[in-house]
$ cat query13.cif   # mmCIF, C-alpha atoms
data_model
#
loop_
_atom_site.label_atom_id
_atom_site.label_comp_id
_atom_site.auth_asym_id
_atom_site.auth_seq_id
_atom_site.Cartn_x
_atom_site.Cartn_y
_atom_site.Cartn_z
CA MET A 1257 -55.48 101.37 -23.55
CA ALA A 1258 -51.83 100.86 -22.75
CA LYS A 1259 -49.90 98.10 -24.43
CA LEU A 1260 -48.46 95.45 -22.17
CA GLU A 1261 -45.15 93.66 -22.40
CA VAL A 1262 -45.43 89.89 -22.09
CA HIS A 1263 -42.74 87.22 -21.95
CA TYR A 1264 -43.29 83.63 -22.93
CA THR A 1265 -40.90 80.70 -23.25
CA ILE A 1266 -42.27 78.80 -26.22
CA ASN A 1267 -40.75 75.46 -27.17
CA GLY A 1268 -37.69 76.39 -25.13
CA ARG A 1269 -37.12 79.73 -26.82
CA LYS A 1270 -37.78 83.09 -25.16
CA HIS A 1271 -40.21 85.46 -26.83
CA GLU A 1272 -41.54 88.86 -25.92
CA ALA A 1273 -44.37 90.85 -27.36
CA TYR A 1274 -46.06 94.21 -26.84
CA ILE A 1275 -49.74 93.55 -26.93
CA GLU A 1276 -53.16 94.98 -26.40
CA PRO A 1277 -54.72 93.16 -23.42
CA ASN A 1278 -57.85 92.14 -25.32
CA LEU A 1279 -55.92 89.49 -27.25
CA THR A 1280 -55.82 85.82 -26.41
CA LEU A 1281 -52.66 83.77 -26.04
CA LEU A 1282 -53.61 82.14 -29.35
CA ASP A 1283 -53.81 85.53 -31.11
CA VAL A 1284 -50.35 86.53 -29.89
CA VAL A 1285 -48.68 83.19 -30.66
CA ARG A 1286 -50.13 83.07 -34.17
CA ASP A 1287 -50.18 86.71 -35.25
CA ASP A 1288 -47.32 88.33 -33.32
CA LEU A 1289 -44.93 85.41 -32.87
CA ARG A 1290 -45.89 83.76 -36.18
CA LEU A 1291 -46.18 80.25 -34.81
CA THR A 1292 -49.22 79.24 -36.82
CA GLY A 1293 -49.36 75.52 -36.03
CA SER A 1294 -52.03 76.15 -33.40
CA LYS A 1295 -55.36 76.83 -35.08
CA GLU A 1296 -58.44 78.83 -34.23
CA GLY A 1297 -61.58 76.78 -34.83
CA CYS A 1298 -64.52 77.82 -32.67
CA GLY A 1299 -62.78 80.46 -30.56
CA THR A 1300 -64.86 79.43 -27.56
CA GLY A 1301 -63.01 76.45 -26.09
CA ASP A 1302 -65.17 73.73 -27.62
CA CYS A 1303 -63.08 72.39 -30.50
CA GLY A 1304 -59.56 72.20 -29.11
CA ALA A 1305 -57.82 73.25 -32.35
CA CYS A 1306 -55.94 75.91 -30.34
CA THR A 1307 -54.69 73.44 -27.72
CA MET A 1308 -51.30 74.26 -26.18
CA ILE A 1309 -49.43 73.01 -23.14
CA VAL A 1310 -49.04 75.94 -20.74
CA ASP A 1311 -46.95 75.33 -17.60
CA GLY A 1312 -47.45 71.61 -18.05
CA LYS A 1313 -51.21 71.74 -18.53
CA LEU A 1314 -53.28 71.21 -21.62
CA VAL A 1315 -55.33 74.39 -22.28
CA THR A 1316 -57.39 76.00 -25.00
CA ALA A 1317 -55.34 79.08 -25.86
CA CYS A 1318 -58.37 80.81 -27.41
CA LEU A 1319 -59.80 81.22 -23.89
CA MET A 1320 -56.60 82.35 -22.21
CA LEU A 1321 -56.10 86.08 -22.14
CA ALA A 1322 -52.59 86.83 -23.43
CA PRO A 1323 -51.43 88.76 -20.33
CA GLN A 1324 -52.56 85.89 -18.07
CA ALA A 1325 -49.91 83.65 -19.61
CA ASP A 1326 -47.10 86.15 -18.97
CA GLY A 1327 -44.01 84.25 -17.82
CA ALA A 1328 -45.39 80.86 -18.85
CA GLU A 1329 -43.54 77.90 -20.34
CA ILE A 1330 -45.49 76.94 -23.43
CA THR A 1331 -45.32 73.99 -25.81
CA THR A 1332 -47.02 74.24 -29.19
CA ILE A 1333 -47.12 71.68 -31.96
CA GLU A 1334 -43.94 73.24 -33.40
CA GLY A 1335 -42.04 72.09 -30.30
CA VAL A 1336 -43.09 68.46 -30.15
CA ALA A 1337 -40.51 66.98 -32.54
CA GLU A 1338 -36.96 66.83 -31.17
CA ASN A 1339 -33.87 67.42 -33.33
CA GLY A 1340 -35.78 66.66 -36.47
CA THR A 1341 -37.24 63.40 -35.14
CA LEU A 1342 -41.00 63.27 -34.91
CA HIS A 1343 -42.58 62.56 -31.54
CA PRO A 1344 -43.98 58.99 -31.38
CA VAL A 1345 -47.53 60.36 -31.46
CA GLN A 1346 -46.75 62.39 -34.59
CA GLN A 1347 -45.12 59.39 -36.28
CA ALA A 1348 -48.09 57.18 -35.40
CA PHE A 1349 -50.54 59.70 -36.91
CA LEU A 1350 -48.59 59.45 -40.17
CA ASP A 1351 -48.25 55.66 -40.04
CA LYS A 1352 -51.95 55.11 -39.28
CA GLY A 1353 -53.24 57.66 -41.78
CA ALA A 1354 -54.93 59.58 -38.96
CA VAL A 1355 -54.65 62.95 -40.70
CA GLN A 1356 -57.37 64.09 -43.07
CA CYS A 1357 -57.77 67.86 -43.49
CA GLY A 1358 -55.28 68.40 -40.67
CA PHE A 1359 -56.92 71.31 -38.89
CA CYS A 1360 -57.53 69.46 -35.61
CA ILE A 1361 -54.30 67.50 -35.68
CA PRO A 1362 -51.98 69.88 -33.75
CA GLY A 1363 -54.44 69.82 -30.85
CA MET A 1364 -55.03 66.09 -31.15
CA ILE A 1365 -51.30 65.37 -31.04
CA LEU A 1366 -50.74 67.58 -28.00
CA ALA A 1367 -53.69 65.94 -26.21
CA GLY A 1368 -52.28 62.51 -27.12
CA LYS A 1369 -48.79 63.48 -25.95
CA VAL A 1370 -50.03 64.75 -22.56
CA LEU A 1371 -52.10 61.58 -22.13
CA LEU A 1372 -49.10 59.32 -22.78
CA ASP A 1373 -46.86 61.46 -20.54
CA GLN A 1374 -49.29 60.83 -17.67
CA ASN A 1375 -50.60 57.38 -18.60
CA PRO A 1376 -48.19 55.47 -20.86
CA LYS A 1377 -50.58 52.53 -21.43
CA PRO A 1378 -54.09 54.01 -21.78
CA ASN A 1379 -57.06 51.87 -22.77
CA ASP A 1380 -59.41 52.80 -25.58
CA TYR A 1381 -61.83 54.61 -23.28
CA GLU A 1382 -59.03 56.64 -21.70
CA ILE A 1383 -57.80 57.69 -25.13
CA ARG A 1384 -61.29 58.79 -26.20
CA GLU A 1385 -61.73 60.69 -22.94
CA ALA A 1386 -58.36 62.40 -23.39
CA ILE A 1387 -59.37 63.78 -26.80
CA ALA A 1388 -62.93 64.65 -25.78
CA GLY A 1389 -62.00 68.33 -25.94
CA ASN A 1390 -60.66 68.03 -29.50
CA LEU A 1391 -63.13 67.85 -32.36
CA CYS A 1392 -62.34 66.39 -35.79
CA ARG A 1393 -64.93 67.60 -38.28
CA CYS A 1394 -63.65 65.12 -40.85
CA THR A 1395 -64.91 62.73 -38.12
CA GLY A 1396 -61.76 60.64 -38.42
CA TYR A 1397 -61.71 59.58 -34.79
CA THR A 1398 -61.12 55.86 -35.34
CA LYS A 1399 -57.72 56.36 -36.94
CA ILE A 1400 -56.80 59.04 -34.40
CA VAL A 1401 -57.57 56.70 -31.49
CA GLU A 1402 -55.64 53.90 -33.25
CA ALA A 1403 -52.68 56.21 -33.76
CA ILE A 1404 -52.50 57.21 -30.08
CA ALA A 1405 -52.80 53.54 -29.09
CA ALA A 1406 -49.99 52.67 -31.52
CA ALA A 1407 -47.80 55.44 -30.10
CA ALA A 1408 -48.33 53.92 -26.64
CA GLU A 1409 -47.04 50.58 -27.99
CA ALA A 1410 -44.05 52.21 -29.72
CA MET B 106 -63.02 91.00 -28.18
CA HIS B 107 -63.79 94.67 -27.59
CA ARG B 108 -61.14 96.75 -25.87
CA PHE B 109 -61.05 97.04 -22.10
CA GLU B 110 -58.77 98.32 -19.37
CA TYR B 111 -56.81 95.41 -17.93
CA TYR B 112 -55.63 95.18 -14.34
CA ALA B 113 -53.60 92.47 -12.63
CA PRO B 114 -53.57 93.52 -8.96
CA ALA B 115 -50.94 91.95 -6.66
CA SER B 116 -53.16 91.79 -3.57
CA LEU B 117 -56.78 91.27 -2.58
CA ASP B 118 -56.98 94.80 -1.16
CA GLU B 119 -55.85 96.17 -4.49
CA ALA B 120 -58.34 93.99 -6.35
CA VAL B 121 -61.22 95.13 -4.15
CA ALA B 122 -60.19 98.79 -4.55
CA LEU B 123 -60.18 98.39 -8.34
CA LEU B 124 -63.61 96.75 -8.29
CA LYS B 125 -64.98 99.56 -6.13
CA GLU B 126 -63.40 102.24 -8.30
CA HIS B 127 -64.81 100.83 -11.54
CA GLY B 128 -68.20 99.80 -10.18
CA ASP B 129 -70.86 98.25 -12.39
CA GLY B 130 -69.63 96.52 -15.48
CA VAL B 131 -66.15 95.60 -14.28
CA LYS B 132 -65.52 91.87 -14.57
CA LEU B 133 -63.28 89.61 -12.50
CA LEU B 134 -61.16 87.16 -14.46
CA ALA B 135 -59.95 83.86 -13.03
CA GLY B 136 -59.79 80.88 -15.40
CA GLY B 137 -61.58 82.73 -18.17
CA THR B 138 -63.48 79.74 -19.57
CA ASP B 139 -66.86 81.40 -18.97
CA LEU B 140 -65.88 85.08 -19.10
CA LEU B 141 -64.02 84.97 -22.42
CA VAL B 142 -66.85 83.07 -24.10
CA GLN B 143 -69.29 85.71 -22.87
CA MET B 144 -67.00 88.50 -24.11
CA LYS B 145 -66.51 86.88 -27.50
CA GLU B 146 -70.00 85.57 -28.21
CA ALA B 147 -72.60 86.80 -25.76
CA GLY B 148 -72.27 90.55 -26.20
CA LEU B 149 -70.56 91.17 -22.87
CA HIS B 150 -68.23 94.16 -23.25
CA PRO B 151 -66.85 95.13 -19.83
CA PRO B 152 -64.97 98.45 -19.74
CA ALA B 153 -62.48 96.92 -17.31
CA VAL B 154 -61.24 93.43 -16.46
CA VAL B 155 -59.51 92.67 -13.17
CA SER B 156 -57.46 89.48 -13.32
CA LEU B 157 -56.93 87.50 -10.15
CA HIS B 158 -53.96 85.54 -11.45
CA ALA B 159 -51.32 87.50 -9.50
CA VAL B 160 -53.27 87.73 -6.23
CA PRO B 161 -51.76 85.55 -3.48
CA GLY B 162 -53.81 83.43 -1.08
CA LEU B 163 -56.37 82.03 -3.49
CA ASP B 164 -54.73 78.64 -4.05
CA GLY B 165 -54.53 75.41 -2.13
CA ILE B 166 -56.69 72.52 -0.99
CA GLU B 167 -56.22 71.95 2.73
CA PHE B 168 -57.90 69.44 5.00
CA ASP B 169 -57.83 68.67 8.67
CA GLU B 170 -60.24 66.61 10.71
CA ALA B 171 -61.19 69.43 13.06
CA SER B 172 -61.77 72.29 10.65
CA GLY B 173 -62.66 70.41 7.46
CA LEU B 174 -61.74 71.27 3.91
CA ARG B 175 -60.72 74.65 2.55
CA ILE B 176 -60.43 75.17 -1.18
CA GLY B 177 -58.99 78.41 -2.53
CA ALA B 178 -61.24 80.11 -5.06
CA ARG B 179 -58.63 79.98 -7.83
CA VAL B 180 -58.05 76.23 -7.56
CA ASP B 181 -58.70 74.69 -10.97
CA VAL B 182 -61.38 72.03 -11.10
CA ALA B 183 -58.90 69.43 -12.45
CA SER B 184 -57.01 69.66 -9.14
CA ILE B 185 -60.25 69.10 -7.21
CA GLU B 186 -61.13 66.12 -9.38
CA SER B 187 -57.82 64.38 -8.70
CA ASN B 188 -57.36 65.26 -5.01
CA ASP B 189 -57.25 62.28 -2.60
CA VAL B 190 -59.25 64.02 0.13
CA THR B 191 -62.03 65.17 -2.19
CA GLU B 192 -62.20 61.75 -3.84
CA GLN B 193 -62.54 59.93 -0.53
CA ARG B 194 -64.40 62.32 1.75
CA TYR B 195 -66.19 64.69 -0.62
CA THR B 196 -66.87 62.28 -3.47
CA ALA B 197 -69.74 64.24 -5.00
CA LEU B 198 -67.45 67.26 -5.35
CA ALA B 199 -64.70 65.25 -7.08
CA GLU B 200 -67.37 63.86 -9.43
CA GLY B 201 -68.80 67.30 -10.21
CA ALA B 202 -65.33 68.75 -10.84
CA GLY B 203 -64.46 65.75 -13.02
CA ILE B 204 -67.20 66.34 -15.60
CA VAL B 205 -66.83 70.08 -16.21
CA GLY B 206 -66.08 70.64 -19.92
CA SER B 207 -62.99 68.92 -21.33
CA ILE B 208 -59.54 68.29 -19.88
CA GLN B 209 -58.52 71.67 -21.25
CA THR B 210 -61.51 73.37 -19.60
CA ARG B 211 -60.87 71.66 -16.28
CA ASN B 212 -57.22 72.74 -16.30
CA MET B 213 -58.27 76.38 -16.67
CA ALA B 214 -61.68 76.71 -14.99
CA THR B 215 -61.63 77.58 -11.28
CA ILE B 216 -64.08 76.59 -8.58
CA GLY B 217 -64.58 80.24 -7.62
CA GLY B 218 -65.42 81.07 -11.22
CA ASN B 219 -67.77 78.14 -11.60
CA ILE B 220 -69.73 79.40 -8.59
CA ALA B 221 -69.52 83.16 -9.30
CA ASN B 222 -70.71 82.56 -12.88
CA ALA B 223 -73.91 81.28 -11.23
CA ALA B 224 -75.14 78.97 -13.96
CA PRO B 225 -78.01 76.86 -12.57
CA SER B 226 -76.20 73.92 -14.23
CA ALA B 227 -72.78 74.58 -12.61
CA ASP B 228 -71.35 71.15 -11.83
CA THR B 229 -69.54 72.12 -8.63
CA ALA B 230 -72.53 73.92 -7.10
CA PRO B 231 -74.78 71.03 -5.96
CA PRO B 232 -71.76 69.13 -4.57
CA LEU B 233 -70.65 72.16 -2.55
CA ALA B 234 -74.21 72.63 -1.30
CA VAL B 235 -74.63 69.04 -0.11
CA PHE B 236 -71.50 69.42 2.01
CA ASP B 237 -72.89 72.65 3.54
CA ALA B 238 -70.05 74.63 1.97
CA VAL B 239 -69.62 78.27 2.93
CA ALA B 240 -68.09 80.84 0.59
CA GLU B 241 -65.50 83.22 2.05
CA ILE B 242 -66.02 86.67 0.58
CA ILE B 243 -64.02 89.87 0.84
CA GLY B 244 -65.19 93.31 -0.26
CA ALA B 245 -64.82 97.00 0.43
CA GLY B 246 -67.04 96.58 3.49
CA GLY B 247 -64.92 93.77 4.95
CA GLN B 248 -65.23 90.01 5.03
CA ARG B 249 -68.29 87.79 5.25
CA GLU B 250 -69.19 84.16 4.88
CA VAL B 251 -72.26 82.99 2.97
CA PRO B 252 -73.50 79.40 2.52
CA VAL B 253 -73.11 78.45 -1.15
CA ILE B 254 -76.80 77.53 -1.39
CA GLU B 255 -77.68 81.17 -0.51
CA LEU B 256 -75.26 82.79 -2.98
CA PHE B 257 -77.45 82.67 -6.07
CA ASP B 258 -80.46 84.84 -6.86
CA GLY B 259 -81.12 83.86 -10.48
CA PRO B 260 -79.46 82.47 -13.59
CA GLY B 261 -76.02 84.13 -13.86
CA SER B 262 -76.68 86.24 -10.81
CA THR B 263 -75.33 86.17 -7.25
CA ILE B 264 -75.88 88.25 -4.14
CA LEU B 265 -72.25 89.46 -4.35
CA THR B 266 -71.85 93.22 -4.64
CA THR B 267 -69.63 94.58 -7.42
CA ASP B 268 -66.67 95.09 -5.07
CA GLU B 269 -66.77 91.58 -3.60
CA VAL B 270 -64.50 88.63 -4.40
CA ILE B 271 -64.95 84.99 -3.41
CA THR B 272 -61.64 83.93 -1.87
CA GLY B 273 -62.38 80.32 -0.98
CA PHE B 274 -64.81 77.69 0.24
CA LYS B 275 -65.00 75.95 3.60
CA LEU B 276 -66.59 72.51 3.86
CA PRO B 277 -67.12 70.94 7.29
CA THR B 278 -65.78 67.42 7.82
CA PRO B 279 -68.59 65.03 6.89
CA PRO B 280 -69.82 62.74 9.69
CA ALA B 281 -68.62 59.11 9.72
CA ASN B 282 -70.57 56.75 7.44
CA THR B 283 -71.23 59.38 4.80
CA GLY B 284 -71.81 58.64 1.15
CA SER B 285 -72.21 61.25 -1.57
CA VAL B 286 -72.71 61.36 -5.31
CA TYR B 287 -73.17 63.85 -8.13
CA GLN B 288 -74.65 62.90 -11.48
CA ARG B 289 -75.98 64.88 -14.39
CA HIS B 290 -77.91 64.09 -17.52
CA THR B 291 -76.64 65.62 -20.76
CA PRO B 292 -77.79 65.10 -24.35
CA ARG B 293 -74.13 64.46 -25.23
CA LYS B 294 -71.79 62.43 -23.05
CA ILE B 295 -69.03 65.02 -22.77
CA MET B 296 -68.61 68.76 -23.48
CA ASP B 297 -72.17 69.59 -22.58
CA ILE B 298 -73.97 71.18 -19.66
CA ALA B 299 -76.52 69.52 -17.43
CA ALA B 300 -80.16 69.20 -18.44
CA VAL B 301 -80.67 67.94 -14.90
CA SER B 302 -78.14 67.40 -12.16
CA VAL B 303 -78.48 65.82 -8.75
CA GLY B 304 -76.16 65.95 -5.75
CA ILE B 305 -76.89 63.76 -2.75
CA ARG B 306 -75.26 63.24 0.62
CA LEU B 307 -76.45 60.66 3.12
CA SER B 308 -74.82 60.39 6.54
CA LEU B 309 -75.88 57.27 8.43
CA ASP B 310 -76.29 57.07 12.16
CA ASN B 311 -76.86 53.60 13.66
CA GLY B 312 -78.31 52.30 10.44
CA LYS B 313 -80.69 55.23 10.02
CA ILE B 314 -80.26 58.36 7.94
CA GLY B 315 -78.85 60.96 10.30
CA GLU B 316 -78.42 63.72 7.73
CA ALA B 317 -79.67 63.95 4.16
CA ARG B 318 -78.92 66.55 1.51
CA VAL B 319 -80.63 66.54 -1.87
CA CYS B 320 -79.59 69.35 -4.20
CA LEU B 321 -80.88 69.78 -7.75
CA GLY B 322 -79.25 71.71 -10.59
CA ALA B 323 -80.61 73.05 -13.90
CA VAL B 324 -84.28 72.57 -12.92
CA ALA B 325 -84.92 76.00 -11.37
CA PRO B 326 -83.51 79.55 -11.75
CA THR B 327 -80.82 78.58 -9.23
CA ILE B 328 -79.65 75.31 -7.71
CA ILE B 329 -82.19 74.23 -5.08
CA ARG B 330 -82.27 72.04 -1.99
CA ALA B 331 -85.19 69.61 -2.08
CA SER B 332 -85.98 70.28 1.58
CA ASP B 333 -89.14 68.15 1.72
CA ALA B 334 -87.20 65.18 0.40
CA GLU B 335 -84.42 65.79 2.94
CA GLU B 336 -86.93 65.97 5.81
CA ALA B 337 -88.66 62.80 4.67
CA LEU B 338 -85.33 60.95 4.65
CA THR B 339 -83.96 62.22 7.96
CA GLY B 340 -84.28 59.85 10.91
CA GLN B 341 -85.61 56.99 8.76
CA ALA B 342 -84.19 53.58 7.92
CA PRO B 343 -83.22 53.58 4.23
CA THR B 344 -85.65 51.54 2.12
CA ASP B 345 -86.67 51.46 -1.52
CA ALA B 346 -90.10 52.84 -0.63
CA LEU B 347 -88.55 55.74 1.29
CA PHE B 348 -86.22 56.58 -1.59
CA ALA B 349 -89.11 56.46 -4.07
CA LYS B 350 -91.04 58.87 -1.86
CA ALA B 351 -88.02 61.19 -1.59
CA ALA B 352 -87.63 61.11 -5.38
CA GLU B 353 -91.27 62.21 -5.75
CA LEU B 354 -90.73 65.05 -3.30
CA ALA B 355 -87.63 66.14 -5.23
CA GLN B 356 -89.70 66.19 -8.42
CA ALA B 357 -92.25 68.39 -6.70
CA ALA B 358 -89.50 70.82 -5.66
CA SER B 359 -88.28 71.28 -9.24
CA SER B 360 -89.59 73.91 -11.65
CA PRO B 361 -87.76 73.15 -14.91
CA ILE B 362 -88.12 75.03 -18.20
CA SER B 363 -88.22 73.57 -21.71
CA ASP B 364 -85.19 74.31 -23.87
CA VAL B 365 -82.78 72.72 -26.33
CA ARG B 366 -81.61 70.23 -23.69
CA GLY B 367 -85.07 68.85 -22.94
CA SER B 368 -88.68 69.66 -22.19
CA ALA B 369 -89.90 70.56 -18.73
CA GLU B 370 -91.80 67.25 -18.53
CA PHE B 371 -88.70 65.26 -19.46
CA ARG B 372 -86.60 67.11 -16.92
CA ARG B 373 -89.13 66.57 -14.14
CA HIS B 374 -89.20 62.89 -14.99
CA LEU B 375 -85.40 62.77 -14.85
CA VAL B 376 -85.35 64.44 -11.44
CA GLY B 377 -87.31 61.47 -10.09
CA VAL B 378 -85.23 58.81 -11.83
CA MET B 379 -81.90 60.40 -10.99
CA THR B 380 -82.76 61.24 -7.37
CA LYS B 381 -83.74 57.62 -6.75
CA ARG B 382 -80.61 56.34 -8.50
CA CYS B 383 -78.32 58.73 -6.63
CA LEU B 384 -79.90 57.88 -3.27
CA ASP B 385 -79.09 54.21 -3.94
CA ILE B 386 -75.48 55.06 -4.81
CA ALA B 387 -75.03 57.40 -1.83
CA LEU B 388 -76.41 54.71 0.50
CA GLU B 389 -74.08 52.08 -0.90
CA ARG B 390 -71.12 54.42 -0.46
CA ALA B 391 -72.19 55.35 3.07
CA GLN B 392 -72.34 51.65 3.99
CA ASP B 393 -68.89 50.91 2.51
#
$ encode --input "query13.cif" --output "structure tokens"
Amino acid sequence: MAKLEVHYTINGRKHEAYIEPNLTLLDVVRDDLRLTGSKEGCGTGDCGACTMIVDGKLVTACLMLAPQADGAEITTIEGVAENGTLHPVQQAFLDKGAVQCGFCIPGMILAGKVLLDQNPKPNDYEIREAIAGNLCRCTGYTKIVEAIAAAAEA
Amino acid sequence: MHRFEYYAPASLDEAVALLKEHGDGVKLLAGGTDLLVQMKEAGLHPPAVVSLHAVPGLDGIEFDEASGLRIGARVDVASIESNDVTEQRYTALAEGAGIVGSIQTRNMATIGGNIANAAPSADTAPPLAVFDAVAEIIGAGGQREVPVIELFDGPGSTILTTDEVITGFKLPTPPANTGSVYQRHTPRKIMDIAAVSVGIRLSLDNGKIGEARVCLGAVAPTIIRASDAEEALTGQAPTDALFAKAAELAQAASSPISDVRGSAEFRRHLVGVMTKRCLDIALERAQD
């Protein structure tokens, strides 16, 4: 099986990797490119811990074959803060105490960011719907929803 | 995932040639939300994977009054959910697309993949069927068109040969005064698959039901049209009694199994309740 060359622009920086095609985008970003903010929870697209923004769309990177994302513009949790200033959603998670074990939080924050990019003043139901693909096994949803609502007010 | 040969053909001809060359076992990759789960968890280990992501001509949602709607097979279901034409004219399809998985799933999953995966619970299948959708297919033997309702021959199984690719779907323009709806019952609200699903289209003609489509998902080895219910509805004035009768006929058409999402008895009961409820909604929308 021949290795493939893939090119990604991740958080504004160009990366390339030589990969076996049976890897997912998540595998390559974590293991080859060493950006370990995105997590692998279930590995089957249910939990959302691997959530990334690929070409503007929220995806579960554990279900995206690495070569399929060749050429893509990708945002991971490492690219959400700008010039050392946390994104409003990140700041609100801290302020509201929305982080428990932390494993789901990168995905939650990206889902919250995409929601607010598209719908700056979401209601409670819209927030819950937006994070329906992100599971928190600490079950800390109340604070997470409050944090996204607070970020919308910020 | 086990190792496999990976191909990203740049044309449909090339894709078909690769499928023919590799024969049984080769898998087509579009959005990957079903295929990768099967390769990771369900023991599916294809020797070769042919990705469609670089093949031109599989995108786009186009509508005109004369020829109807054409949806490319690689269109993601999120784009179908949020499209003005599907929302207004093919409402059941927008509703089906809008409840597939999560936002992340809908951004990746394609309509062609949802159909080719052939789950009896596929949320875009009953909506396509109630609009008499036809799948455009290309293979080594040339092109053909097959009504979506005739594509499936069992759970996870279609009549497509190994060298065939679905390239798109054509949906005729619905008659005036049409209302449609798709609903499903799931044990959980979101991130689940249907225990029962119902797609309905009613097209009214001078106050009577000119055309009726009742399609059930997850209550038989494939999606099914409840033809007796459709016949009972056609040509009649819509009444509660008529809808109750149609719901009974839909129940009779179903042959559900018992599994983790519900017993056969529960599912048959739901077919009646949901068919009646969806007929009411479709009628209201048709009268709007």
$ residues_near_point --input "query13.cif" --point "(-83.7, 53.8, 1.4)" --cutoff "12 Å" --atoms "all atoms listed in the file" --output "PyMOL selection string"
chain B and resi 307+309+312-314+317+334+337-352+380-389+391-392
$ write_last_selection --input "query13.cif" --atoms "C-alpha atoms" --output "PDB file, keeping the file's coordinate frame"
ATOM      1  CA  LEU B 307     -76.450  60.660   3.120  1.00  0.00           C
ATOM      2  CA  LEU B 309     -75.880  57.270   8.430  1.00  0.00           C
ATOM      3  CA  GLY B 312     -78.310  52.300  10.440  1.00  0.00           C
ATOM      4  CA  LYS B 313     -80.690  55.230  10.020  1.00  0.00           C
ATOM      5  CA  ILE B 314     -80.260  58.360   7.940  1.00  0.00           C
ATOM      6  CA  ALA B 317     -79.670  63.950   4.160  1.00  0.00           C
ATOM      7  CA  ALA B 334     -87.200  65.180   0.400  1.00  0.00           C
ATOM      8  CA  ALA B 337     -88.660  62.800   4.670  1.00  0.00           C
ATOM      9  CA  LEU B 338     -85.330  60.950   4.650  1.00  0.00           C
ATOM     10  CA  THR B 339     -83.960  62.220   7.960  1.00  0.00           C
ATOM     11  CA  GLY B 340     -84.280  59.850  10.910  1.00  0.00           C
ATOM     12  CA  GLN B 341     -85.610  56.990   8.760  1.00  0.00           C
ATOM     13  CA  ALA B 342     -84.190  53.580   7.920  1.00  0.00           C
ATOM     14  CA  PRO B 343     -83.220  53.580   4.230  1.00  0.00           C
ATOM     15  CA  THR B 344     -85.650  51.540   2.120  1.00  0.00           C
ATOM     16  CA  ASP B 345     -86.670  51.460  -1.520  1.00  0.00           C
ATOM     17  CA  ALA B 346     -90.100  52.840  -0.630  1.00  0.00           C
ATOM     18  CA  LEU B 347     -88.550  55.740   1.290  1.00  0.00           C
ATOM     19  CA  PHE B 348     -86.220  56.580  -1.590  1.00  0.00           C
ATOM     20  CA  ALA B 349     -89.110  56.460  -4.070  1.00  0.00           C
ATOM     21  CA  LYS B 350     -91.040  58.870  -1.860  1.00  0.00           C
ATOM     22  CA  ALA B 351     -88.020  61.190  -1.590  1.00  0.00           C
ATOM     23  CA  ALA B 352     -87.630  61.110  -5.380  1.00  0.00           C
ATOM     24  CA  THR B 380     -82.760  61.240  -7.370  1.00  0.00           C
ATOM     25  CA  LYS B 381     -83.740  57.620  -6.750  1.00  0.00           C
ATOM     26  CA  ARG B 382     -80.610  56.340  -8.500  1.00  0.00           C
ATOM     27  CA  CYS B 383     -78.320  58.730  -6.630  1.00  0.00           C
ATOM     28  CA  LEU B 384     -79.900  57.880  -3.270  1.00  0.00           C
ATOM     29  CA  ASP B 385     -79.090  54.210  -3.940  1.00  0.00           C
ATOM     30  CA  ILE B 386     -75.480  55.060  -4.810  1.00  0.00           C
ATOM     31  CA  ALA B 387     -75.030  57.400  -1.830  1.00  0.00           C
ATOM     32  CA  LEU B 388     -76.410  54.710   0.500  1.00  0.00           C
ATOM     33  CA  GLU B 389     -74.080  52.080  -0.900  1.00  0.00           C
ATOM     34  CA  ALA B 391     -72.190  55.350   3.070  1.00  0.00           C
ATOM     35  CA  GLN B 392     -72.340  51.650   3.990  1.00  0.00           C
TER      36      GLN B 392
END
$ closest_residue --input "query13.cif" --among "B:Ala355, B:Leu321, B:Gly203, B:Ser285" --to "Ile185 in chain B" --atoms "all atoms listed in the file"
B:Gly203
$ atom_distance --input "query13.cif" --atom1 "CA of Thr263 in chain B" --atom2 "CA of Val239 in chain B"
14.1 Å
$ residues_around --input "query13.cif" --residues "Gln248 in chain B" --least-positions-apart "2" --cutoff "12 Å" --atoms "all atoms listed in the file" --output "number ranges by chain"
B: 117-118, 121, 240-246, 250-251, 265, 268-273
$ residues_around --input "query13.cif" --residues "Ala197 in chain B" --least-positions-apart "2" --cutoff "12 Å" --atoms "only C-alpha atoms" --output "JSON, numbers by chain"
{"B": [185, 186, 190, 191, 192, 193, 194, 195, 199, 200, 201, 202, 203, 204, 228, 229, 230, 231, 232, 233, 234, 235, 236, 279, 283, 284, 285, 286, 287, 288, 289, 302, 303, 304, 305, 306, 307, 318, 319, 320, 383, 386, 387, 390]}
$ closest_residue --input "query13.cif" --among "B:Ala122, B:Val205, B:Ile264, B:Ala171" --to "Gly247 in chain B" --atoms "all atoms listed in the file"
B:Ala122
$ resolve_selection --input "query13.cif" --expression "the PyMOL selection byres ((chain A and resi 1401-1404) around 7)" --output "JSON, numbers by chain"
{"A": [1345, 1348, 1349, 1352, 1354, 1368, 1383, 1384, 1397, 1398, 1399, 1400, 1405, 1406, 1407, 1408]}
$ residues_around --input "query13.cif" --residues "Cys1394 in chain A" --least-positions-apart "5" --cutoff "12 Å" --atoms "all atoms listed in the file" --output "ChimeraX atom specification"
/A:1354-1361,1399-1400
$ residues_near_point --input "query13.cif" --point "(-40.6, 86.8, -25.7)" --cutoff "12 Å" --atoms "all atoms listed in the file" --output "PyMOL selection string"
chain A and resi 1261-1275+1284-1285+1288-1289+1325-1330
$ closest_residue --input "query13.cif" --among "B:Pro252, B:Ala331, B:Val180, B:Asp237" --to "Asn219 in chain B" --atoms "only C-alpha atoms"
B:Val180
